[in-house]
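Next comes model34.cif, a file with mmCIF, C-alpha atoms and all ligand atoms.
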data_structure
loop_
_atom_site.label_atom_id
_atom_site.label_comp_id
_atom_site.auth_asym_id
_atom_site.auth_seq_id
_atom_site.Cartn_x
_atom_site.Cartn_y
_atom_site.Cartn_z
CA MET A 1 -14.71 15.83 4.23
CA LYS A 2 -14.65 12.79 1.97
CA ILE A 3 -11.27 11.20 2.60
CA LEU A 4 -9.46 8.44 0.73
CA VAL A 5 -7.48 6.32 3.20
CA THR A 6 -4.90 4.08 1.52
CA GLY A 7 -3.86 1.18 3.77
CA GLY A 8 -7.01 1.84 5.80
CA THR A 9 -7.51 -1.75 6.96
CA GLY A 10 -3.97 -1.83 8.44
CA TYR A 11 -2.93 -1.18 12.02
CA ILE A 12 -2.71 2.64 12.10
CA GLY A 13 -5.15 3.08 9.20
CA SER A 14 -8.01 1.21 10.89
CA HIS A 15 -7.70 3.25 14.09
CA THR A 16 -7.56 6.43 12.01
CA CYS A 17 -10.72 5.47 10.08
CA VAL A 18 -12.57 5.07 13.40
CA GLU A 19 -11.45 8.52 14.59
CA LEU A 20 -12.24 10.14 11.22
CA ILE A 21 -15.76 8.67 11.21
CA GLU A 22 -16.30 9.70 14.82
CA ALA A 23 -15.23 13.25 13.87
CA GLY A 24 -17.92 13.28 11.14
CA HIS A 25 -15.81 12.57 8.05
CA GLU A 26 -16.65 10.13 5.24
CA VAL A 27 -14.01 7.47 4.69
CA VAL A 28 -13.21 5.42 1.58
CA ILE A 29 -10.56 2.73 2.03
CA VAL A 30 -8.16 1.36 -0.59
CA ASP A 31 -6.09 -1.63 0.53
CA ASN A 32 -4.76 -4.71 -1.26
CA LEU A 33 -5.03 -6.72 2.01
CA TYR A 34 -1.34 -7.65 1.82
CA ASN A 35 -0.98 -7.10 5.57
CA SER A 36 -4.56 -6.84 6.80
CA SER A 37 -7.95 -8.47 6.33
CA LYS A 38 -11.45 -7.58 5.20
CA GLY A 39 -12.77 -8.49 8.67
CA VAL A 40 -11.35 -5.18 9.94
CA LEU A 41 -14.13 -3.36 8.05
CA GLN A 42 -16.84 -4.93 10.25
CA LYS A 43 -14.80 -4.10 13.33
CA ILE A 44 -14.63 -0.46 12.25
CA GLU A 45 -18.41 -0.58 11.78
CA THR A 46 -18.97 -2.11 15.22
CA ILE A 47 -16.93 0.62 16.89
CA SER A 48 -18.03 3.64 14.84
CA GLY A 49 -21.47 2.63 13.54
CA VAL A 50 -20.39 3.14 9.91
CA LEU A 51 -19.16 0.54 7.42
CA PRO A 52 -16.62 2.35 5.25
CA LYS A 53 -16.71 1.98 1.48
CA PHE A 54 -13.88 -0.38 0.52
CA TYR A 55 -11.88 -1.08 -2.63
CA GLU A 56 -9.58 -4.10 -2.66
CA THR A 57 -7.07 -2.33 -4.90
CA ASP A 58 -3.29 -2.27 -5.13
CA ILE A 59 -1.87 1.25 -5.41
CA LEU A 60 0.59 -0.17 -7.95
CA ASP A 61 -2.41 -0.87 -10.20
CA LYS A 62 -2.85 2.64 -11.58
CA GLU A 63 -5.92 1.80 -13.66
CA GLY A 64 -7.64 0.21 -10.68
CA LEU A 65 -6.70 3.16 -8.51
CA GLU A 66 -7.98 5.61 -11.13
CA LYS A 67 -11.38 3.90 -10.99
CA VAL A 68 -11.53 4.82 -7.28
CA PHE A 69 -10.82 8.48 -8.07
CA ALA A 70 -13.30 8.50 -10.97
CA GLU A 71 -16.08 7.09 -8.78
CA ASN A 72 -15.51 9.38 -5.78
CA LYS A 73 -14.93 13.09 -5.38
CA PHE A 74 -12.33 13.26 -2.62
CA ASP A 75 -11.44 16.30 -0.55
CA ALA A 76 -8.31 14.71 0.89
CA VAL A 77 -6.07 11.64 1.03
CA ILE A 78 -4.35 9.98 4.00
CA HIS A 79 -1.64 7.72 2.65
CA PHE A 80 -0.68 4.75 4.84
CA ALA A 81 -0.31 1.98 2.24
CA GLY A 82 3.20 0.59 2.07
CA TYR A 83 5.60 -2.03 3.37
CA LYS A 84 7.21 -1.34 6.75
CA ALA A 85 9.60 -4.10 7.82
CA VAL A 86 13.09 -2.63 8.23
CA GLY A 87 15.01 -5.95 8.00
CA GLU A 88 13.01 -7.16 5.01
CA SER A 89 13.70 -3.88 3.21
CA VAL A 90 17.43 -4.59 3.42
CA ALA A 91 16.91 -8.04 1.87
CA ILE A 92 14.48 -6.99 -0.91
CA PRO A 93 15.09 -3.28 -1.51
CA LEU A 94 13.59 -3.14 -5.00
CA THR A 95 10.28 -4.51 -3.73
CA TYR A 96 10.26 -1.75 -1.13
CA TYR A 97 11.13 0.99 -3.60
CA GLU A 98 8.51 -0.30 -6.02
CA ASN A 99 5.69 -0.43 -3.49
CA ASN A 100 6.53 2.61 -1.38
CA ILE A 101 7.79 4.88 -4.14
CA ALA A 102 6.18 3.76 -7.43
CA GLY A 103 2.87 3.10 -5.61
CA SER A 104 2.98 6.53 -4.00
CA ILE A 105 3.77 8.26 -7.30
CA ASN A 106 0.71 6.61 -8.88
CA LEU A 107 -1.37 8.02 -6.04
CA TYR A 108 0.12 11.52 -6.25
CA GLN A 109 -0.35 11.61 -10.05
CA LEU A 110 -4.02 10.74 -9.64
CA MET A 111 -4.41 13.34 -6.90
CA LYS A 112 -3.04 15.90 -9.36
CA LYS A 113 -5.27 14.71 -12.20
CA TYR A 114 -8.42 14.74 -10.06
CA GLU A 115 -7.39 17.95 -8.25
CA VAL A 116 -7.30 16.47 -4.77
CA ARG A 117 -5.07 18.95 -3.00
CA ASN A 118 -4.90 17.83 0.63
CA LEU A 119 -2.60 15.05 1.79
CA VAL A 120 -1.38 13.49 5.02
CA PHE A 121 1.58 11.15 4.62
CA SER A 122 2.83 8.50 7.09
CA SER A 123 6.47 9.28 7.64
CA SER A 124 8.66 8.04 10.45
CA ALA A 125 11.17 9.19 13.04
CA THR A 126 13.56 6.90 11.16
CA VAL A 127 14.22 9.81 8.73
CA TYR A 128 16.26 11.54 11.48
CA GLY A 129 18.74 8.64 11.42
CA ASP A 130 21.49 8.86 14.02
CA ASP A 131 22.57 12.36 12.99
CA PHE A 132 20.92 14.58 15.60
CA GLU A 133 20.53 15.21 19.33
CA VAL A 134 17.33 14.24 21.12
CA PRO A 135 14.65 15.48 21.31
CA PHE A 136 14.33 15.27 17.53
CA LYS A 137 13.05 18.53 16.08
CA GLU A 138 11.38 18.90 12.70
CA GLU A 139 13.74 21.74 11.74
CA TYR A 140 16.71 19.32 11.79
CA GLY A 141 15.50 18.13 8.39
CA LEU A 142 16.37 14.74 6.97
CA GLY A 143 19.19 12.64 8.41
CA THR A 144 21.07 9.67 6.99
CA THR A 145 18.75 6.69 6.76
CA THR A 146 20.21 3.28 7.50
CA ASN A 147 17.89 1.01 5.53
CA PRO A 148 15.80 1.08 2.30
CA TYR A 149 12.52 1.33 4.25
CA GLY A 150 13.72 4.54 5.91
CA THR A 151 14.96 5.82 2.58
CA THR A 152 11.50 5.32 1.03
CA LYS A 153 10.06 7.55 3.79
CA LYS A 154 12.73 10.18 3.17
CA MET A 155 12.17 10.03 -0.60
CA ASN A 156 8.41 10.41 -0.17
CA GLU A 157 8.97 13.47 1.98
CA MET A 158 11.21 14.95 -0.74
CA ILE A 159 8.79 14.08 -3.55
CA ILE A 160 5.81 15.63 -1.74
CA THR A 161 7.78 18.77 -0.87
CA ASP A 162 8.82 19.25 -4.51
CA MET A 163 5.28 18.53 -5.72
CA ASP A 164 3.85 21.16 -3.36
CA LYS A 165 6.40 23.73 -4.51
CA ALA A 166 5.28 23.19 -8.10
CA GLU A 167 1.57 23.28 -7.16
CA PRO A 168 0.99 26.13 -4.71
CA GLU A 169 -2.64 25.07 -4.21
CA ASN A 170 -1.45 21.82 -2.60
CA SER A 171 -1.37 21.23 1.13
CA SER A 172 0.49 18.34 2.75
CA VAL A 173 1.27 17.32 6.30
CA LEU A 174 4.11 14.83 6.68
CA LEU A 175 3.66 13.13 10.02
CA ARG A 176 6.81 11.63 11.50
CA TYR A 177 5.54 8.91 13.82
CA PHE A 178 7.63 7.77 16.73
CA ASN A 179 6.76 4.29 18.11
CA PRO A 180 3.04 3.51 17.82
CA ILE A 181 1.82 0.73 20.13
CA GLY A 182 -1.38 -0.35 21.85
CA ALA A 183 -4.82 -0.98 20.43
CA HIS A 184 -8.35 0.36 20.47
CA SER A 185 -9.92 0.13 23.96
CA SER A 186 -12.67 -2.13 22.53
CA GLY A 187 -10.01 -4.77 21.82
CA LEU A 188 -11.50 -5.17 18.33
CA ILE A 189 -8.67 -3.68 16.30
CA GLY A 190 -4.93 -3.68 16.93
CA GLU A 191 -1.65 -4.86 15.46
CA ILE A 192 -1.44 -8.45 14.21
CA PRO A 193 2.23 -9.07 13.42
CA ASN A 194 3.19 -11.09 10.40
CA GLY A 195 5.60 -13.87 11.51
CA ILE A 196 8.12 -13.26 14.29
CA PRO A 197 7.59 -9.70 15.52
CA ASN A 198 10.50 -7.34 15.10
CA ASN A 199 9.01 -4.62 17.31
CA LEU A 200 9.15 -4.64 21.08
CA VAL A 201 5.53 -4.59 22.20
CA PRO A 202 4.18 -7.15 19.70
CA TYR A 203 7.04 -9.43 20.80
CA ILE A 204 6.24 -8.96 24.51
CA ALA A 205 2.57 -9.70 23.70
CA GLN A 206 3.60 -13.02 22.15
CA VAL A 207 5.73 -13.94 25.18
CA VAL A 208 2.72 -13.23 27.39
CA SER A 209 0.44 -15.36 25.20
CA GLY A 210 2.94 -18.25 25.29
CA GLN A 211 3.99 -18.11 21.63
CA ARG A 212 7.58 -17.13 22.59
CA ASP A 213 9.62 -18.22 25.59
CA TYR A 214 11.17 -14.90 26.59
CA LEU A 215 11.88 -11.38 25.43
CA ARG A 216 15.32 -10.84 23.94
CA VAL A 217 16.47 -7.44 25.18
CA TRP A 218 18.82 -6.05 22.55
CA GLY A 219 21.65 -4.68 24.69
CA ASN A 220 21.87 -3.18 28.19
CA ASP A 221 25.04 -1.16 27.76
CA TYR A 222 23.60 2.01 26.23
CA ASP A 223 24.00 5.34 27.99
CA THR A 224 20.39 5.32 29.27
CA VAL A 225 18.55 5.01 32.58
CA ASP A 226 19.06 1.21 32.78
CA GLY A 227 21.30 0.59 29.76
CA THR A 228 18.46 -0.53 27.46
CA GLY A 229 17.23 1.43 24.41
CA VAL A 230 14.86 4.34 24.95
CA ARG A 231 11.96 5.15 22.60
CA ASP A 232 8.99 7.49 22.44
CA TYR A 233 6.00 5.11 22.50
CA ILE A 234 2.66 6.60 21.48
CA HIS A 235 -0.79 5.06 21.81
CA VAL A 236 -2.16 4.24 18.35
CA VAL A 237 -5.46 5.96 19.25
CA ASP A 238 -3.59 9.17 20.04
CA LEU A 239 -1.77 8.80 16.73
CA ALA A 240 -5.10 8.26 14.94
CA LYS A 241 -6.49 11.43 16.53
CA ALA A 242 -3.43 13.34 15.32
CA HIS A 243 -4.38 12.34 11.75
CA VAL A 244 -7.82 13.90 12.12
CA LYS A 245 -6.21 17.14 13.25
CA ALA A 246 -3.58 16.93 10.50
CA ILE A 247 -6.05 16.44 7.65
CA GLU A 248 -8.22 19.26 8.97
CA TYR A 249 -5.10 21.43 9.17
CA ALA A 250 -4.15 20.51 5.59
CA ALA A 251 -7.61 21.46 4.35
CA ALA A 252 -7.33 24.90 5.96
CA HIS A 253 -3.77 25.76 4.85
CA LYS A 254 -1.43 25.50 1.88
CA GLY A 255 2.16 24.29 1.57
CA THR A 256 4.07 21.48 3.26
CA GLU A 257 4.48 20.91 6.99
CA VAL A 258 6.56 18.24 8.69
CA ILE A 259 5.23 17.35 12.15
CA ASN A 260 6.49 14.88 14.77
CA ILE A 261 3.88 12.73 16.47
CA GLY A 262 5.07 11.30 19.76
CA THR A 263 4.57 11.93 23.45
CA GLY A 264 7.93 13.66 23.95
CA LYS A 265 8.80 11.16 26.67
CA GLY A 266 11.14 8.17 26.32
CA TYR A 267 10.82 4.76 28.01
CA SER A 268 13.50 2.09 28.19
CA VAL A 269 12.90 -1.51 27.09
CA LEU A 270 12.78 -2.63 30.73
CA GLU A 271 10.38 0.15 31.68
CA VAL A 272 8.01 -0.99 28.92
CA LEU A 273 8.41 -4.60 30.05
CA HIS A 274 7.51 -3.63 33.63
CA ALA A 275 4.47 -1.62 32.46
CA TYR A 276 3.33 -4.70 30.53
CA GLU A 277 3.85 -6.88 33.60
CA LYS A 278 1.56 -4.55 35.49
CA ALA A 279 -1.05 -4.83 32.72
CA CYS A 280 -1.03 -8.63 32.60
CA GLY A 281 -0.53 -9.17 36.33
CA HIS A 282 2.56 -11.41 36.23
CA SER A 283 6.26 -11.26 35.49
CA ILE A 284 7.53 -11.69 31.93
CA PRO A 285 10.77 -13.60 31.26
CA TYR A 286 13.59 -11.86 29.40
CA LYS A 287 17.25 -12.32 28.52
CA ILE A 288 19.83 -9.64 27.84
CA MET A 289 21.39 -10.14 24.40
CA GLU A 290 23.92 -8.31 22.22
CA ARG A 291 22.90 -4.95 20.74
CA ARG A 292 20.77 -5.17 17.57
CA PRO A 293 22.69 -3.74 14.58
CA GLY A 294 21.28 -0.40 13.38
CA ASP A 295 19.63 0.49 16.72
CA ILE A 296 20.19 3.90 18.26
CA ALA A 297 20.32 4.44 22.03
CA VAL A 298 17.65 7.06 22.49
CA CYS A 299 14.86 8.42 20.30
CA TYR A 300 12.12 10.79 21.38
CA ALA A 301 10.25 13.67 19.84
CA ASP A 302 10.12 17.36 20.32
CA THR A 303 6.32 17.74 20.33
CA LYS A 304 6.02 21.55 20.36
CA LYS A 305 5.17 21.89 16.67
CA ALA A 306 2.32 19.34 16.88
CA GLU A 307 0.93 21.25 19.82
CA LYS A 308 1.29 24.65 18.17
CA LEU A 309 0.07 23.83 14.66
CA LEU A 310 -2.39 21.02 15.31
CA GLY A 311 -3.32 21.57 18.95
CA PHE A 312 -2.33 17.94 19.43
CA LYS A 313 -1.06 16.48 22.66
CA ALA A 314 -0.97 12.73 23.37
CA GLN A 315 -3.28 11.68 26.22
CA TYR A 316 -2.45 8.07 26.99
CA ASP A 317 0.46 6.91 29.12
CA ILE A 318 2.62 3.79 28.81
CA GLU A 319 0.43 1.82 31.25
CA GLN A 320 -2.70 2.43 29.17
CA MET A 321 -0.77 1.50 26.00
CA CYS A 322 0.27 -1.84 27.55
CA LYS A 323 -3.20 -2.46 29.01
CA ASP A 324 -4.85 -1.98 25.62
CA SER A 325 -2.25 -4.12 23.86
CA TYR A 326 -2.84 -6.90 26.39
CA ASN A 327 -6.63 -6.61 26.08
CA PHE A 328 -6.39 -6.91 22.27
CA THR A 329 -4.02 -9.90 22.49
CA LYS A 330 -6.36 -11.74 24.89
CA LYS A 331 -9.32 -11.18 22.55
CA LEU A 332 -7.28 -12.50 19.60
CA GLU A 333 -6.55 -15.72 21.51
CA ILE A 334 -10.27 -16.26 22.12
CA GLU A 335 -11.04 -15.76 18.40
P1 LIG A 401 0.21 -2.01 8.22
O1 LIG A 401 1.02 -2.97 7.45
O2 LIG A 401 -0.65 -2.52 9.31
O3 LIG A 401 -0.73 -1.17 7.22
C1 LIG A 401 -0.37 -0.88 5.90
C2 LIG A 401 -1.54 -1.29 5.01
O4 LIG A 401 -1.18 -1.00 3.64
C3 LIG A 401 -1.83 -2.79 5.08
O5 LIG A 401 -3.21 -2.99 5.34
C4 LIG A 401 -1.43 -3.33 3.71
O6 LIG A 401 -2.25 -4.40 3.30
C5 LIG A 401 -1.60 -2.09 2.85
N1 LIG A 401 -0.75 -2.07 1.63
C6 LIG A 401 0.57 -2.33 1.54
N2 LIG A 401 0.97 -2.21 0.25
C7 LIG A 401 -0.14 -1.84 -0.47
C8 LIG A 401 -0.38 -1.58 -1.84
N3 LIG A 401 0.57 -1.67 -2.77
N4 LIG A 401 -1.65 -1.25 -2.22
C9 LIG A 401 -2.64 -1.17 -1.31
N5 LIG A 401 -2.48 -1.42 -0.01
C10 LIG A 401 -1.24 -1.76 0.41
O7 LIG A 401 1.19 -0.88 8.77
P2 LIG A 401 0.95 0.29 9.82
O8 LIG A 401 1.77 0.00 11.03
O9 LIG A 401 -0.48 0.57 9.95
O10 LIG A 401 1.69 1.49 9.08
C11 LIG A 401 0.99 2.39 8.24
C12 LIG A 401 1.98 3.36 7.63
O11 LIG A 401 2.66 4.04 8.68
C13 LIG A 401 3.05 2.71 6.77
O12 LIG A 401 3.31 3.55 5.68
C14 LIG A 401 4.25 2.66 7.70
O13 LIG A 401 5.45 2.66 7.00
C15 LIG A 401 4.06 3.93 8.48
N6 LIG A 401 4.74 3.91 9.80
C16 LIG A 401 4.47 2.90 10.67
C17 LIG A 401 5.14 2.84 11.90
C18 LIG A 401 4.88 1.71 12.86
O14 LIG A 401 5.67 1.55 13.79
N7 LIG A 401 3.80 0.94 12.73
C19 LIG A 401 6.08 3.83 12.23
C20 LIG A 401 6.31 4.87 11.32
C21 LIG A 401 5.62 4.90 10.10
N1 LIG A 402 13.76 -4.34 21.36
C1 LIG A 402 14.19 -5.39 22.14
N2 LIG A 402 13.73 -6.64 21.84
C2 LIG A 402 12.86 -6.88 20.81
C3 LIG A 402 12.43 -5.80 20.02
C4 LIG A 402 12.91 -4.54 20.31
O1 LIG A 402 14.98 -5.22 23.07
O2 LIG A 402 12.49 -8.04 20.57
C5 LIG A 402 14.23 -2.97 21.68
C6 LIG A 402 15.02 -2.32 20.55
O3 LIG A 402 16.37 -2.66 20.64
C7 LIG A 402 14.73 -0.83 20.80
C8 LIG A 402 13.30 -0.83 21.35
O4 LIG A 402 13.09 -2.15 21.85
O5 LIG A 402 15.59 -0.33 21.79
C9 LIG A 402 12.24 -0.51 20.31
O6 LIG A 402 12.42 -1.37 19.18
P1 LIG A 402 11.32 -1.51 18.03
O7 LIG A 402 11.82 -2.51 17.05
O8 LIG A 402 9.98 -1.75 18.63
O9 LIG A 402 11.26 -0.05 17.41
P2 LIG A 402 12.40 0.80 16.69
O10 LIG A 402 12.46 2.10 17.43
O11 LIG A 402 13.65 0.07 16.51
O12 LIG A 402 11.77 0.97 15.24
C10 LIG A 402 10.57 1.69 15.03
C11 LIG A 402 9.81 1.18 13.79
C12 LIG A 402 10.59 1.48 12.56
C13 LIG A 402 11.00 2.90 12.51
C14 LIG A 402 11.74 3.27 13.77
C15 LIG A 402 12.17 4.71 13.84
O13 LIG A 402 9.59 -0.18 13.89
O14 LIG A 402 9.76 1.23 11.46
O15 LIG A 402 10.89 3.02 14.89
O16 LIG A 402 11.10 5.52 14.08
F1 LIG A 402 11.78 3.10 11.44
#

Just dump the structure as structure tokens.
Amino acid sequence: MKILVTGGTGYIGSHTCVELIEAGHEVVIVDNLYNSSKGVLQKIETISGVLPKFYETDILDKEGLEKVFAENKFDAVIHFAGYKAVGESVAIPLTYYENNIAGSINLYQLMKKYEVRNLVFSSSATVYGDDFEVPFKEEYGLGTTTNPYGTTKKMNEMIITDMDKAEPENSSVLLRYFNPIGAHSSGLIGEIPNGIPNNLVPYIAQVVSGQRDYLRVWGNDYDTVDGTGVRDYIHVVDLAKAHVKAIEYAAAHKGTEVINIGTGKGYSVLEVLHAYEKACGHSIPYKIMERRPGDIAVCYADTKKAEKLLGFKAQYDIEQMCKDSYNFTKKLEIE
């Protein structure tokens, strides 16, 4: 298939492009490079042997985006482009709604105009909010989101579902990611955080590389194995492989499917820290702090639907995730 990947030079997008190319698909990337760089394209080429066609285009620029559709006949779209910082979304909500909603609507309108029927959308476990029991199941539906970023994911899910109802030829898979971490085993692509990392593993990586003094563990009084928060971490390469299966599923079916992508297993903050210590070969300093506002105690996926519909099961364990994150961080330091 010829697949448009918006946000394809970003963290999850770049890994997905590699897996799509390796599965024999043709990839065209649209990205405005807000949170990524052109250099990623060469890295994708080094790993996969193919340099993807690239448009430095903002999805908010509808004319520019239309040029991409006019010049290419796409079979499918994987839509990653968007802003993703939870805290920032609280401070500048309109910017988030503009980029993640108005940008997406431009894309969906062009898909309709150019009759591109198959879509995979990057949603998030954040749409479950704090309303349900773990493991989170797709059939729970949408919970109460606690920040504008989460609300943009929820709104996109609603928009796509309505769109598909009106256009029975459409086929969409809404992937609810749990916590993607790690990097490609080559160490060439991975997550480069912008500023002080908000997420756990990028922060640990910066403590290990000496950019931060210690990890701040946000609370150890939750009802969990050691009192620290539990999440379902998934290797970004597993997540990328799930996209290949999802877009192939979309091409072979019609309608809308919501599918969790996680491992189904939760790890506490301290368990992740210890796995990272094993990967880097030394202890990592940390301090227990107050709980972080908005955090939930435990979040992990029910993965049965991904297995049943997509035949997807995550392969990599937490140790491999930390090893690959560490390998990528070391390579970055050398660069
Ligand atoms: P990322 O920031 O690395 O990638 C997003 C890419 O989109 C970047 O390359 C950025 O430059 C581009 N982009 C942003 N706005 C754009 C615009 N208007 N036009 C064109 N390009 C634009 O983020 P990521 O971690 O790879 O996440 C990809 C998607 O997955 C996002 O939609 C994110 O919300 C979603 N998601 C991520 C996580 C996570 O933990 N990383 C979890 C759940 C969902
Ligand atoms: N944590 C720390 N110290 C840190 C960072 C995180 O102790 O410096 C803890 C958090 O309290 C939490 C766990 O590590 O218990 C994971 O936190 P992350 O920030 O890495 O991930 P979240 O689960 O909070 O958030 C992620 C994405 C969001 C998404 C959400 C729900 O970053 O975009 O999952 O799926 F909305």

| message | Set the distance at 10 Å and use only C-alpha atoms: which residues neighbour region 183-193 of chain A once local chain neighbours fewer than 3 positions away are removed? I'd like the list as an NGL selection string. | response | :A and (9-12 or 14-15 or 18 or 35-36 or 39-44 or 46-47 or 180 or 196-199 or 201-203 or 206 or 235-237 or 320-332)

Dump as an mmCIF file with C-alpha atoms, in the frame of the given file all residues having an atom at most 6 Å from (1.3, 9.8, 17.2), computed in the file's coordinates with only C-alpha atoms.
data_model
loop_
_atom_site.group_PDB
_atom_site.id
_atom_site.type_symbol
_atom_site.label_atom_id
_atom_site.label_comp_id
_atom_site.auth_asym_id
_atom_site.auth_seq_id
_atom_site.Cartn_x
_atom_site.Cartn_y
_atom_site.Cartn_z
ATOM 1 C CA TYR A 177 5.540 8.910 13.820
ATOM 2 C CA ILE A 234 2.660 6.600 21.480
ATOM 3 C CA ASP A 238 -3.590 9.170 20.040
ATOM 4 C CA LEU A 239 -1.770 8.800 16.730
ATOM 5 C CA ILE A 261 3.880 12.730 16.470
ATOM 6 C CA GLY A 262 5.070 11.300 19.760
#

| Could you list, as an NGL selection string, all the residues within 9 Å of ligand LIG 401 (chain A), counting only C-alpha atoms and all ligand atoms? | :A and (6-15 or 30-37 or 56-61 or 79-85 or 98-100 or 103-104 or 121-126 or 149-150 or 152-153 or 175-181 or 190-194 or 199 or 236)

| field | Surrounding residues of Pro135 (chain A) excluding itself and chain neighbours under 5 positions, 8 Å, all atoms listed in the file, as a list of chain:residue names | value | A:Gly264, A:Cys299, A:Tyr300, A:Ala301, A:Asp302

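Take the candidates A:Glu45, A:Glu271, A:Glu319, A:Glu307 and check each one against ligand LIG 402 (chain A) using all atoms listed in the file; the shortest distance goes to A:Glu271.
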
| said: Report as number ranges by chain all protein, DNA and RNA residues lying within 7 Å of Gly266 (chain A), evaluated on all atoms listed in the file, omitting residues in the same chain fewer than 4 positions from it. | reply: A: 230-232, 300

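CA of Ala102 (chain A) to atom O14 of ligand LIG 402 (chain A) spans 19.4 Å [interatomic distance, one decimal].
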
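Restricting the calculation to only C-alpha atoms, the smallest distance between Tyr267 (chain A) and any of A:His282, A:Tyr233, A:Thr95, A:Leu4 is found for A:Tyr233.
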
Centre, x/y/z edge lengths, axis-aligned box for ligand LIG 402 (chain A) with 6 Å per side, as lines of an AutoDock Vina configuration file:
center_x = 13.0
center_y = -1.3
center_z = 17.3
size_x = 18.8
size_y = 25.6
size_z = 23.6

| field | Between CA of Lys2 (chain A) and CA of Phe74 (chain A), distance in Å (one decimal) | value | 5.2 Å

| query | Counting all atoms listed in the file, what is within 12 Å of Arg212 (chain A), bar same-chain residues fewer than 2 positions away, as number ranges by chain? | reply | A: 195-197, 202-210, 214-216, 284-286

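Pairwise distance (CA of Ala76 (chain A), CA of Lys53 (chain A)) equals 15.3 Å.
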
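Among the candidates A:Leu94, A:Leu142, A:Val86, A:Ala279, the residue lying nearest to ligand LIG 402 (chain A) is A:Val86 (atoms considered: only C-alpha atoms and all ligand atoms).
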
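Closest approach to ligand LIG 402 (chain A) from the set A:Pro293, A:Gly49, A:Pro93, A:Gly255 is made by A:Pro293, with distances taken over all atoms listed in the file.
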
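For the residues A:Ile296, A:Leu65, A:Val258, A:Leu110, ranking by smallest atom-to-atom distance to ligand LIG 402 (chain A) using only C-alpha atoms and all ligand atoms places A:Ile296 first.
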